[in-house]
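The structure file structure-v5.cif is reproduced below (mmCIF, C-alpha atoms).
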data_protein
loop_
_atom_site.label_atom_id
_atom_site.label_comp_id
_atom_site.auth_asym_id
_atom_site.auth_seq_id
_atom_site.Cartn_x
_atom_site.Cartn_y
_atom_site.Cartn_z
CA MET A 24 3.81 -4.08 26.97
CA ASN A 25 7.23 -5.78 26.97
CA GLY A 26 8.82 -6.22 23.58
CA LEU A 27 6.99 -3.28 22.02
CA ASN A 28 8.14 0.06 20.67
CA ASN A 29 5.87 2.95 21.61
CA PRO A 30 2.85 0.74 22.48
CA GLN A 31 0.73 3.81 23.24
CA ALA A 32 0.78 4.55 19.50
CA THR A 33 -1.85 1.83 19.03
CA GLU A 34 -4.28 3.51 21.42
CA THR A 35 -3.62 6.90 19.83
CA ALA A 36 -4.24 5.54 16.33
CA LEU A 37 -7.43 3.78 17.35
CA GLY A 38 -8.64 7.07 18.79
CA LEU A 39 -8.24 8.65 15.34
CA LEU A 40 -9.63 5.75 13.34
CA ARG A 41 -12.06 7.04 10.71
CA SER A 42 -12.66 10.22 12.68
CA GLY A 43 -13.43 13.37 10.72
CA ASP A 44 -11.80 15.63 13.32
CA PRO A 45 -8.29 15.78 11.73
CA PHE A 46 -9.64 16.45 8.23
CA GLN A 47 -7.73 18.94 6.06
CA TRP A 48 -8.82 20.39 2.71
CA TYR A 49 -5.62 19.28 0.93
CA VAL A 50 -7.17 15.79 0.79
CA ILE A 51 -9.52 17.05 -1.92
CA THR A 52 -6.56 18.31 -3.95
CA LEU A 53 -4.78 14.97 -3.61
CA LEU A 54 -7.92 13.18 -4.76
CA ALA A 55 -8.14 15.46 -7.80
CA LEU A 56 -4.50 14.71 -8.67
CA VAL A 57 -5.07 10.94 -8.41
CA VAL A 58 -8.11 11.21 -10.67
CA TYR A 59 -6.10 13.31 -13.13
CA VAL A 60 -3.30 10.75 -13.29
CA TYR A 61 -5.66 7.90 -14.08
CA PHE A 62 -7.82 9.84 -16.53
CA ARG A 63 -4.67 10.96 -18.32
CA GLU A 64 -3.45 7.38 -18.65
CA ILE A 65 -6.88 6.22 -19.81
CA LYS A 66 -6.82 8.91 -22.49
CA ASN A 67 -3.34 7.75 -23.51
CA LYS A 68 -4.62 4.16 -23.58
CA ASN A 69 -1.91 3.09 -21.14
CA PHE A 70 -4.01 0.23 -19.84
CA ASN A 71 -0.98 -1.85 -18.87
CA GLY A 72 0.22 0.98 -16.65
CA ILE A 73 -3.23 1.24 -15.12
CA ALA A 74 -3.16 -2.50 -14.43
CA ALA A 75 0.23 -2.09 -12.73
CA GLY A 76 -1.21 0.69 -10.57
CA LEU A 77 -4.42 -1.05 -9.58
CA SER A 78 -2.77 -4.42 -8.90
CA LEU A 79 -0.31 -2.84 -6.49
CA TYR A 80 -3.16 -0.97 -4.82
CA MET A 81 -5.12 -4.17 -4.30
CA VAL A 82 -2.13 -5.91 -2.69
CA HIS A 83 -1.61 -2.80 -0.56
CA TRP A 84 -5.18 -2.99 0.74
CA PHE A 85 -4.85 -6.69 1.51
CA ALA A 86 -1.69 -6.00 3.55
CA GLU A 87 -3.37 -3.16 5.43
CA ILE A 88 -6.39 -5.31 6.28
CA ILE A 89 -4.12 -8.10 7.56
CA ASN A 90 -2.19 -5.55 9.64
CA ALA A 91 -5.45 -4.30 11.15
CA LEU A 92 -6.54 -7.86 11.92
CA ILE A 93 -3.20 -8.47 13.65
CA GLN A 94 -4.00 -5.43 15.80
CA HIS A 95 -7.42 -6.84 16.65
CA PHE A 96 -6.20 -10.29 17.64
CA SER A 97 -2.87 -9.39 19.29
CA GLY A 98 -3.58 -5.90 20.60
CA HIS A 99 -0.97 -4.21 18.39
CA ALA A 100 -0.52 -3.89 14.63
CA LEU A 101 2.89 -4.34 12.99
CA TRP A 102 2.81 -0.70 11.89
CA THR A 103 0.51 2.13 12.87
CA VAL A 104 -0.16 5.79 12.04
CA PRO A 105 -0.91 7.64 15.29
CA THR A 106 -0.67 11.19 13.97
CA GLY A 107 -0.03 13.36 10.92
CA THR A 108 -2.91 12.17 8.76
CA ALA A 109 -6.08 14.01 7.79
CA PHE A 110 -8.05 10.77 7.83
CA LEU A 111 -6.97 7.40 9.25
CA ILE A 112 -8.62 4.69 7.16
CA LEU A 113 -7.21 1.66 8.98
CA VAL A 114 -4.81 1.52 11.92
CA GLY A 115 -1.75 1.49 9.64
CA VAL A 116 -2.78 3.68 6.72
CA GLY A 117 -3.88 7.27 6.38
CA ILE A 118 -5.57 8.79 3.37
CA GLU A 119 -2.32 10.36 2.14
CA LEU A 120 -0.47 7.03 2.05
CA SER A 121 -3.42 5.41 0.34
CA PHE A 122 -3.43 8.06 -2.40
CA MET A 123 0.29 7.53 -2.90
CA PHE A 124 -0.06 3.77 -3.24
CA VAL A 125 -2.93 4.03 -5.72
CA ILE A 126 -0.57 5.66 -8.24
CA ALA A 127 2.77 4.09 -7.19
CA GLY A 128 2.55 1.04 -9.42
CA LEU A 129 1.46 3.12 -12.40
CA VAL A 130 4.27 5.63 -11.90
CA PHE A 131 7.00 2.99 -11.54
CA SER A 132 5.72 1.05 -14.54
CA LEU A 133 6.83 4.01 -16.65
CA ILE A 134 10.47 2.98 -16.21
CA LEU A 135 9.93 -0.57 -17.46
CA PRO A 136 11.64 -1.43 -20.77
CA ASP A 137 9.22 -2.16 -23.60
CA ASP A 138 10.67 -5.65 -23.99
CA PRO A 139 9.96 -7.80 -20.91
CA LYS A 140 12.73 -10.21 -21.96
CA VAL A 141 15.51 -7.64 -21.60
CA LYS A 142 17.78 -8.36 -18.63
CA VAL A 143 19.41 -5.87 -16.27
CA PHE A 144 22.63 -7.14 -14.69
CA GLY A 145 21.55 -10.61 -15.80
CA ILE A 146 18.18 -10.34 -14.03
CA PRO A 147 14.82 -10.24 -15.86
CA ASN A 148 13.98 -6.55 -15.90
CA ARG A 149 10.51 -6.93 -14.35
CA LEU A 150 12.01 -8.73 -11.37
CA PHE A 151 14.94 -6.31 -11.20
CA PHE A 152 12.74 -3.24 -11.00
CA ALA A 153 10.36 -4.93 -8.57
CA VAL A 154 13.24 -5.58 -6.17
CA VAL A 155 14.80 -2.14 -6.64
CA ASN A 156 11.47 -0.38 -6.10
CA ALA A 157 10.76 -2.50 -3.04
CA ALA A 158 14.18 -1.65 -1.61
CA LEU A 159 13.60 2.06 -2.25
CA PHE A 160 10.28 2.02 -0.43
CA SER A 161 11.78 0.06 2.48
CA ILE A 162 14.54 2.66 2.82
CA ILE A 163 11.99 5.47 2.80
CA GLU A 164 10.05 3.65 5.50
CA ILE A 165 13.16 3.64 7.71
CA PHE A 166 12.95 7.43 7.69
CA LEU A 167 9.20 7.42 8.28
CA ALA A 168 9.62 5.11 11.27
CA LYS A 169 11.87 7.74 12.88
CA THR A 170 9.02 10.26 12.84
CA PRO A 171 6.02 10.41 15.21
CA ALA A 172 3.67 9.82 12.27
CA PHE A 173 4.60 6.21 11.49
CA ILE A 174 5.45 3.58 14.10
CA TRP A 175 6.94 0.11 13.81
CA VAL A 176 5.39 -1.30 16.96
CA TYR A 177 7.43 -4.49 17.39
CA PRO A 178 11.24 -4.33 17.69
CA TRP A 179 11.65 -7.25 15.26
CA TRP A 180 9.55 -5.52 12.60
CA GLY A 181 11.72 -3.29 10.44
CA ALA A 182 13.11 -2.58 6.99
CA VAL A 183 14.03 -6.19 6.13
CA PRO A 184 10.68 -7.79 7.08
CA VAL A 185 8.90 -4.89 5.34
CA PHE A 186 11.03 -5.39 2.23
CA VAL A 187 10.42 -9.14 2.05
CA SER A 188 6.80 -9.50 3.16
CA VAL A 189 5.25 -6.19 2.05
CA TYR A 190 7.05 -4.34 -0.73
CA ILE A 191 8.33 -7.33 -2.68
CA PRO A 192 4.75 -8.63 -3.14
CA PHE A 193 3.54 -5.10 -3.95
CA PHE A 194 5.98 -4.57 -6.78
CA VAL A 195 6.33 -8.12 -8.10
CA VAL A 196 2.58 -8.24 -8.74
CA SER A 197 2.60 -4.70 -10.12
CA MET A 198 5.57 -5.03 -12.48
CA TYR A 199 4.53 -8.43 -13.84
CA SER A 200 0.86 -7.49 -14.23
CA TYR A 201 2.02 -4.88 -16.74
CA ASP A 202 2.58 -7.67 -19.31
CA TRP A 203 -0.42 -9.84 -18.58
CA LYS A 204 -3.15 -10.22 -21.16
CA PRO A 205 -6.09 -7.83 -20.56
CA LYS A 206 -8.37 -10.70 -19.49
CA THR A 207 -5.82 -11.89 -16.93
CA GLN A 208 -5.37 -8.34 -15.62
CA LYS A 209 -9.11 -7.94 -15.16
CA VAL A 210 -9.54 -11.33 -13.49
CA VAL A 211 -6.64 -10.89 -11.04
CA ILE A 212 -7.42 -7.27 -10.14
CA GLY A 213 -11.16 -8.00 -9.92
CA THR A 214 -10.56 -11.02 -7.69
CA MET A 215 -8.28 -9.08 -5.35
CA PHE A 216 -10.82 -6.26 -5.24
CA ALA A 217 -13.61 -8.71 -4.33
CA ILE A 218 -11.50 -10.31 -1.56
CA ASN A 219 -10.60 -6.92 -0.09
CA ALA A 220 -14.18 -5.67 -0.33
CA ILE A 221 -15.57 -8.76 1.41
CA MET A 222 -12.95 -8.51 4.15
CA LEU A 223 -13.75 -4.84 4.73
CA ILE A 224 -17.49 -5.48 4.79
CA VAL A 225 -17.12 -8.34 7.25
CA PHE A 226 -14.29 -7.18 9.49
CA ALA A 227 -14.87 -3.42 9.43
CA GLY A 228 -18.57 -3.12 8.67
CA ILE A 229 -20.22 -6.10 10.37
CA LEU A 230 -17.85 -7.31 13.08
CA LYS A 231 -16.22 -3.90 13.76
CA TRP A 232 -12.86 -5.58 14.27
CA ILE A 233 -10.77 -3.18 12.23
#

Structure rendered as structure tokens:
Amino acid sequence: MNGLNNPQATETALGLLRSGDPFQWYVITLLALVVYVYFREIKNKNFNGIAAGLSLYMVHWFAEIINALIQHFSGHALWTVPTGTAFLILVGVGIELSFMFVIAGLVFSLILPDDPKVKVFGIPNRLFFAVVNAALFSIIEIFLAKTPAFIWVYPWWGAVPVFVSVYIPFFVVSMYSYDWKPKTQKVVIGTMFAINAIMLIVFAGILKWI
């Protein structure tokens, strides 16, 4: 247990994993809001924004699966959600966080300038907003990690590693996918979906590792 913060959080989270006991009806409302957001953007033909949203969500799922595999092989995930969720999907993500991430890329794509060549403080605007958004989410996670609902298990895992290895990939893929050609968007998002689906089928469904 040495070198861990709140190691009992892992056991607590695993006890909640995909259990229906904590379910709350607000989950249905959140689902309806997510569906509304995407249907609204489909109606508005904002397919680039949808690509930004789905690409971030696919990277999010890949990160959560890797975190759950780290838990399986080492005994503790990098981050875990031991309480406060109505449904714990994987050891580090509850249904509420997942609903937030499914629309995060779409929402933040709304602030992108129309011209991808415009620079902000001398930085390409897609990269600029990717870094700023990643920094914002890392700062928010500092607050979350001070609550009982979200635990950084290892002392060396904190805002900077989260910023570099989690949120930078989230938002770089999301912000740049906004400008990709439709075929490229479909191929990249579809490939990431297939990888995540296979990993979930194998590691969660067949092997029961995560």

- Evaluate the PyMOL selection byres ((chain A and resi 134) around 12) on the structure here and hand back the selected residues as a count of residues only. 23

- Task: Can you give me, as JSON, numbers by chain, the residues this file yields under the PyMOL selection byres ((chain A and resi 103-110) around 12)?
- Result: {"A": [28, 29, 30, 31, 32, 33, 34, 35, 36, 37, 38, 39, 40, 41, 42, 43, 44, 45, 46, 47, 48, 49, 50, 51, 53, 87, 90, 91, 93, 94, 98, 99, 100, 101, 102, 111, 112, 113, 114, 115, 116, 117, 118, 119, 120, 121, 122, 167, 168, 170, 171, 172, 173, 174, 175, 176, 177, 180]}

- If you measure from CA of His95 in chain A to CA of Trp179 in chain A, what distance in Å do you get, rounded to one decimal?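 According to the coordinates, CA of His95 in chain A and CA of Trp179 in chain A are separated by 19.1 Å.
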
- Message: With the PyMOL selection byres ((chain A and resi 184) around 12) as the selection, what would be picked from this file? Answer as an MDAnalysis selection string, please.
- Response: chainID A and resid 101:102 157:158 161:162 164:165 175 177:183 185:192

- Item | Residue with smallest distance to Met222 in chain A - pool A:Val210, A:Ser97, A:Phe85, A:Phe160, counting all atoms listed in the file |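 So, comparing all the options, the nearest one is A:Phe85.
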
- A:Phe144, A:Phe96, A:Tyr80, A:Phe124: which is nearest Val196 in chain A, counting only C-alpha atoms?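 When distances to Val196 in chain A are compared using only C-alpha atoms, the smallest one comes from A:Tyr80.
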
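The closest residue to Val211 in chain A, picked from A:Ala74, A:Ile163, A:Ala227, A:Ile65 and counting only C-alpha atoms, is A:Ala74.
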
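One distance worth recording is that between CA of Leu92 in chain A and CA of Ala220 in chain A, which is 14.6 Å.
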
- When you draw a straight line from CA of Val125 in chain A to CA of Leu223 in chain A, how long is it in Å? 17.5 Å

- Message: Here is a test: counting all atoms listed in the file, which residue of A:Lys209, A:Pro147, A:Ile126, A:Asp202 is nearest to Glu64 in chain A?
- Response: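 Once distances to Glu64 in chain A are computed over all atoms listed in the file, the minimum belongs to A:Ile126.
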
Could I get range 52-93 of chain A from the block written as a PDB file, in the first residue's frame, with N, CA and C atoms?
ATOM      1  N   THR A  52     -32.590  11.896 -17.542  1.00  0.00           N
ATOM      2  CA  THR A  52     -32.635  13.290 -17.999  1.00  0.00           C
ATOM      3  C   THR A  52     -31.340  13.687 -18.686  1.00  0.00           C
ATOM      4  N   LEU A  53     -30.215  13.279 -18.120  1.00  0.00           N
ATOM      5  CA  LEU A  53     -28.919  13.583 -18.751  1.00  0.00           C
ATOM      6  C   LEU A  53     -28.815  12.938 -20.122  1.00  0.00           C
ATOM      7  N   LEU A  54     -29.299  11.709 -20.237  1.00  0.00           N
ATOM      8  CA  LEU A  54     -29.283  11.027 -21.527  1.00  0.00           C
ATOM      9  C   LEU A  54     -30.125  11.797 -22.543  1.00  0.00           C
ATOM     10  N   ALA A  55     -31.296  12.249 -22.117  1.00  0.00           N
ATOM     11  CA  ALA A  55     -32.172  13.011 -23.014  1.00  0.00           C
ATOM     12  C   ALA A  55     -31.492  14.291 -23.478  1.00  0.00           C
ATOM     13  N   LEU A  56     -30.762  14.963 -22.580  1.00  0.00           N
ATOM     14  CA  LEU A  56     -30.067  16.196 -22.940  1.00  0.00           C
ATOM     15  C   LEU A  56     -28.941  15.934 -23.940  1.00  0.00           C
ATOM     16  N   VAL A  57     -28.205  14.835 -23.760  1.00  0.00           N
ATOM     17  CA  VAL A  57     -27.151  14.475 -24.704  1.00  0.00           C
ATOM     18  C   VAL A  57     -27.746  14.206 -26.081  1.00  0.00           C
ATOM     19  N   VAL A  58     -28.832  13.452 -26.119  1.00  0.00           N
ATOM     20  CA  VAL A  58     -29.499  13.156 -27.387  1.00  0.00           C
ATOM     21  C   VAL A  58     -29.980  14.447 -28.044  1.00  0.00           C
ATOM     22  N   TYR A  59     -30.535  15.356 -27.237  1.00  0.00           N
ATOM     23  CA  TYR A  59     -31.004  16.634 -27.773  1.00  0.00           C
ATOM     24  C   TYR A  59     -29.863  17.417 -28.411  1.00  0.00           C
ATOM     25  N   VAL A  60     -28.738  17.489 -27.721  1.00  0.00           N
ATOM     26  CA  VAL A  60     -27.587  18.239 -28.246  1.00  0.00           C
ATOM     27  C   VAL A  60     -27.169  17.705 -29.605  1.00  0.00           C
ATOM     28  N   TYR A  61     -27.045  16.395 -29.726  1.00  0.00           N
ATOM     29  CA  TYR A  61     -26.598  15.827 -30.991  1.00  0.00           C
ATOM     30  C   TYR A  61     -27.659  15.935 -32.088  1.00  0.00           C
ATOM     31  N   PHE A  62     -28.911  15.703 -31.750  1.00  0.00           N
ATOM     32  CA  PHE A  62     -29.966  15.837 -32.759  1.00  0.00           C
ATOM     33  C   PHE A  62     -30.075  17.277 -33.247  1.00  0.00           C
ATOM     34  N   ARG A  63     -29.872  18.219 -32.331  1.00  0.00           N
ATOM     35  CA  ARG A  63     -29.910  19.627 -32.712  1.00  0.00           C
ATOM     36  C   ARG A  63     -28.789  19.953 -33.695  1.00  0.00           C
ATOM     37  N   GLU A  64     -27.600  19.447 -33.426  1.00  0.00           N
ATOM     38  CA  GLU A  64     -26.463  19.717 -34.307  1.00  0.00           C
ATOM     39  C   GLU A  64     -26.608  18.988 -35.640  1.00  0.00           C
ATOM     40  N   ILE A  65     -27.224  17.815 -35.622  1.00  0.00           N
ATOM     41  CA  ILE A  65     -27.494  17.117 -36.880  1.00  0.00           C
ATOM     42  C   ILE A  65     -28.469  17.935 -37.721  1.00  0.00           C
ATOM     43  N   LYS A  66     -29.501  18.460 -37.078  1.00  0.00           N
ATOM     44  CA  LYS A  66     -30.481  19.281 -37.790  1.00  0.00           C
ATOM     45  C   LYS A  66     -29.825  20.531 -38.366  1.00  0.00           C
ATOM     46  N   ASN A  67     -28.879  21.090 -37.629  1.00  0.00           N
ATOM     47  CA  ASN A  67     -28.158  22.285 -38.090  1.00  0.00           C
ATOM     48  C   ASN A  67     -27.020  21.954 -39.060  1.00  0.00           C
ATOM     49  N   LYS A  68     -26.872  20.664 -39.346  1.00  0.00           N
ATOM     50  CA  LYS A  68     -25.823  20.183 -40.255  1.00  0.00           C
ATOM     51  C   LYS A  68     -24.421  20.571 -39.789  1.00  0.00           C
ATOM     52  N   ASN A  69     -24.243  20.599 -38.483  1.00  0.00           N
ATOM     53  CA  ASN A  69     -22.921  20.899 -37.905  1.00  0.00           C
ATOM     54  C   ASN A  69     -22.135  19.592 -37.766  1.00  0.00           C
ATOM     55  N   PHE A  70     -21.827  18.991 -38.894  1.00  0.00           N
ATOM     56  CA  PHE A  70     -21.178  17.684 -38.866  1.00  0.00           C
ATOM     57  C   PHE A  70     -19.723  17.764 -38.406  1.00  0.00           C
ATOM     58  N   ASN A  71     -19.080  18.900 -38.624  1.00  0.00           N
ATOM     59  CA  ASN A  71     -17.716  19.071 -38.109  1.00  0.00           C
ATOM     60  C   ASN A  71     -17.716  19.113 -36.585  1.00  0.00           C
ATOM     61  N   GLY A  72     -18.709  19.797 -36.011  1.00  0.00           N
ATOM     62  CA  GLY A  72     -18.825  19.822 -34.554  1.00  0.00           C
ATOM     63  C   GLY A  72     -19.111  18.440 -33.997  1.00  0.00           C
ATOM     64  N   ILE A  73     -19.944  17.694 -34.688  1.00  0.00           N
ATOM     65  CA  ILE A  73     -20.240  16.324 -34.256  1.00  0.00           C
ATOM     66  C   ILE A  73     -18.979  15.463 -34.304  1.00  0.00           C
ATOM     67  N   ALA A  74     -18.178  15.652 -35.352  1.00  0.00           N
ATOM     68  CA  ALA A  74     -16.915  14.922 -35.446  1.00  0.00           C
ATOM     69  C   ALA A  74     -15.985  15.281 -34.286  1.00  0.00           C
ATOM     70  N   ALA A  75     -15.945  16.566 -33.930  1.00  0.00           N
ATOM     71  CA  ALA A  75     -15.124  17.001 -32.794  1.00  0.00           C
ATOM     72  C   ALA A  75     -15.600  16.347 -31.502  1.00  0.00           C
ATOM     73  N   GLY A  76     -16.924  16.227 -31.350  1.00  0.00           N
ATOM     74  CA  GLY A  76     -17.469  15.606 -30.153  1.00  0.00           C
ATOM     75  C   GLY A  76     -17.191  14.120 -30.089  1.00  0.00           C
ATOM     76  N   LEU A  77     -17.442  13.418 -31.171  1.00  0.00           N
ATOM     77  CA  LEU A  77     -17.277  11.961 -31.171  1.00  0.00           C
ATOM     78  C   LEU A  77     -15.812  11.550 -31.108  1.00  0.00           C
ATOM     79  N   SER A  78     -14.926  12.319 -31.748  1.00  0.00           N
ATOM     80  CA  SER A  78     -13.503  11.972 -31.703  1.00  0.00           C
ATOM     81  C   SER A  78     -12.957  12.093 -30.285  1.00  0.00           C
ATOM     82  N   LEU A  79     -13.341  13.169 -29.581  1.00  0.00           N
ATOM     83  CA  LEU A  79     -12.915  13.292 -28.190  1.00  0.00           C
ATOM     84  C   LEU A  79     -13.454  12.139 -27.362  1.00  0.00           C
ATOM     85  N   TYR A  80     -14.709  11.787 -27.598  1.00  0.00           N
ATOM     86  CA  TYR A  80     -15.333  10.706 -26.823  1.00  0.00           C
ATOM     87  C   TYR A  80     -14.625   9.378 -27.051  1.00  0.00           C
ATOM     88  N   MET A  81     -14.182   9.123 -28.267  1.00  0.00           N
ATOM     89  CA  MET A  81     -13.471   7.880 -28.541  1.00  0.00           C
ATOM     90  C   MET A  81     -12.116   7.844 -27.831  1.00  0.00           C
ATOM     91  N   VAL A  82     -11.397   8.969 -27.826  1.00  0.00           N
ATOM     92  CA  VAL A  82     -10.121   9.026 -27.105  1.00  0.00           C
ATOM     93  C   VAL A  82     -10.360   8.869 -25.607  1.00  0.00           C
ATOM     94  N   HIS A  83     -11.431   9.487 -25.128  1.00  0.00           N
ATOM     95  CA  HIS A  83     -11.812   9.344 -23.710  1.00  0.00           C
ATOM     96  C   HIS A  83     -12.000   7.878 -23.340  1.00  0.00           C
ATOM     97  N   TRP A  84     -12.736   7.140 -24.157  1.00  0.00           N
ATOM     98  CA  TRP A  84     -12.977   5.730 -23.850  1.00  0.00           C
ATOM     99  C   TRP A  84     -11.696   4.921 -23.885  1.00  0.00           C
ATOM    100  N   PHE A  85     -10.813   5.221 -24.825  1.00  0.00           N
ATOM    101  CA  PHE A  85      -9.534   4.514 -24.879  1.00  0.00           C
ATOM    102  C   PHE A  85      -8.746   4.740 -23.589  1.00  0.00           C
ATOM    103  N   ALA A  86      -8.707   5.995 -23.122  1.00  0.00           N
ATOM    104  CA  ALA A  86      -7.987   6.321 -21.885  1.00  0.00           C
ATOM    105  C   ALA A  86      -8.603   5.601 -20.687  1.00  0.00           C
ATOM    106  N   GLU A  87      -9.931   5.540 -20.641  1.00  0.00           N
ATOM    107  CA  GLU A  87     -10.589   4.878 -19.510  1.00  0.00           C
ATOM    108  C   GLU A  87     -10.335   3.374 -19.515  1.00  0.00           C
ATOM    109  N   ILE A  88     -10.299   2.769 -20.689  1.00  0.00           N
ATOM    110  CA  ILE A  88     -10.006   1.343 -20.780  1.00  0.00           C
ATOM    111  C   ILE A  88      -8.575   1.065 -20.331  1.00  0.00           C
ATOM    112  N   ILE A  89      -7.630   1.899 -20.777  1.00  0.00           N
ATOM    113  CA  ILE A  89      -6.232   1.738 -20.353  1.00  0.00           C
ATOM    114  C   ILE A  89      -6.119   1.895 -18.839  1.00  0.00           C
ATOM    115  N   ASN A  90      -6.814   2.880 -18.277  1.00  0.00           N
ATOM    116  CA  ASN A  90      -6.795   3.081 -16.825  1.00  0.00           C
ATOM    117  C   ASN A  90      -7.328   1.847 -16.101  1.00  0.00           C
ATOM    118  N   ALA A  91      -8.389   1.252 -16.629  1.00  0.00           N
ATOM    119  CA  ALA A  91      -8.952   0.045 -16.011  1.00  0.00           C
ATOM    120  C   ALA A  91      -7.995  -1.137 -16.142  1.00  0.00           C
ATOM    121  N   LEU A  92      -7.281  -1.222 -17.247  1.00  0.00           N
ATOM    122  CA  LEU A  92      -6.296  -2.293 -17.409  1.00  0.00           C
ATOM    123  C   LEU A  92      -5.119  -2.104 -16.450  1.00  0.00           C
ATOM    124  N   ILE A  93      -4.725  -0.856 -16.216  1.00  0.00           N
ATOM    125  CA  ILE A  93      -3.679  -0.580 -15.229  1.00  0.00           C
ATOM    126  C   ILE A  93      -4.125  -1.083 -13.862  1.00  0.00           C
TER     127      ILE A  93
END
